[in-house]
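Enquirer: Can you keep this structure in mind? I'll have questions shortly.
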Amino acid sequence: MSAVAKLDKEMPVLVVDDFSTMRRIVKNCLKQLGFSNLHEAADGEIAWEKIQQQEFALIVSDWNMPNKMGIDLLRDVRAHDDYKDIPFLMVTAEAQKENILEAAKAGVSNYIIKPFTADLLLQKLELIFKNRV
Amino acid sequence: MKGIKDGNEGAVQQLIDGLQNGDEHSVTTALKELGLESNSDLYQQVGEMARSLHESLAEFQSSLSPESITMESTNIPDAASKLEEVIAMTFQSANTVLSMSENEEKLFQEMEQELEEVKGVLDAEATIPLKVMTVFNDYYAKEKALIANCRECNQQILISQNFQDLSGQSIRKVIKLVTGLEEKLISLLRLFREPKDGETTIHELHGEDACSKADQSSGDGRLQQDDADSILKDLGF
């Protein structure tokens, strides 16, 4: 059985993107994978507020957003004792080597370049969760 | 072409100092000494570039909005706002497709649920002839496969809407580039002459927000997912 299939599909997932279309797409993909407890935030700042108010088991975030960029959200998450272990998947159009290295340095769990497919999202989630289930 | 002459280092330094100190007189004097007066070839070429860009923007807007042909020639057409309209239209279309796709998913769920209900009833009924059950089971398997296939197609339709995000970001980069280039060309032209009363900046003409949402990445060096995966693999992901 795959790592994702073994996961608790009720676990709260936070989807962060300034484009509402992208939030809908990512949420729909996660629904297809069976996840039902989905939350969203339109930028890193709103996401950070939500993270402090509610427990999340996975964060899927865009990079380039107003107010607080995805990379800054990642750094905040990793710097906080209570949230540092939350899996953080970056889904972004930022496709420079430097971006990936920067995200890796900041502690990203994995990285998806837009446009992406549902299969790729599944693969990345498998990689993230294979050592956690 | 009349350009910067050898042995004019003093004038170049004067130009740099003048620019740094905001000393317009020094800048003008240095430019004259360097042969970069308003009647120079360089000035003419920059002017032509600015005019060409201006006319391209005008043509672009005309093609998007025929009624704008009647605009006064003194207005720099607001191509940036037209591009914002394109972003808004694609956003609207993408959301319509997403709504339809979500509705379809609900229909697939209903179809699947009904199919399971019928199967449940038939499985619980012991008196149904074996031949009928065989036909139904065959139908059930085909329907399940069909629904799965439709669901897969629907998911592809849904995922393909992420073009809206990418095209929006690309268009905003173009808006930033075009308005920035135009601004720089006009600024360059103004170095050669005194501004006239009532002259407005490009930002005033296009609106301050025209490119404020433009993102910060460049297209150069953009990696594919495979390259990204390779880097991630090297990093131990």
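If you're wondering about the labels, chains in the structure tokens are A, B, ... by order shown, residues count from 1 in each chain, ligands from 1 in order shown.
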Contacts from chain A to chain B, 10 Å maximum, only C-alpha atoms: show me the residue list as a PyMOL selection string.

Expert: chain A and resi 17-26+28-29+32+64-66+92-101+104-105+108-118+120+124+127-128

Enquirer: If you count only C-alpha atoms, which residues fall within 8 Å of A:Ala57, apart from same-chain ones fewer than 4 positions away, as a list in words?

Expert: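 These residues fall inside the cut-off: Met11, Pro12, Val13, Ile86 and Pro87 of chain A.
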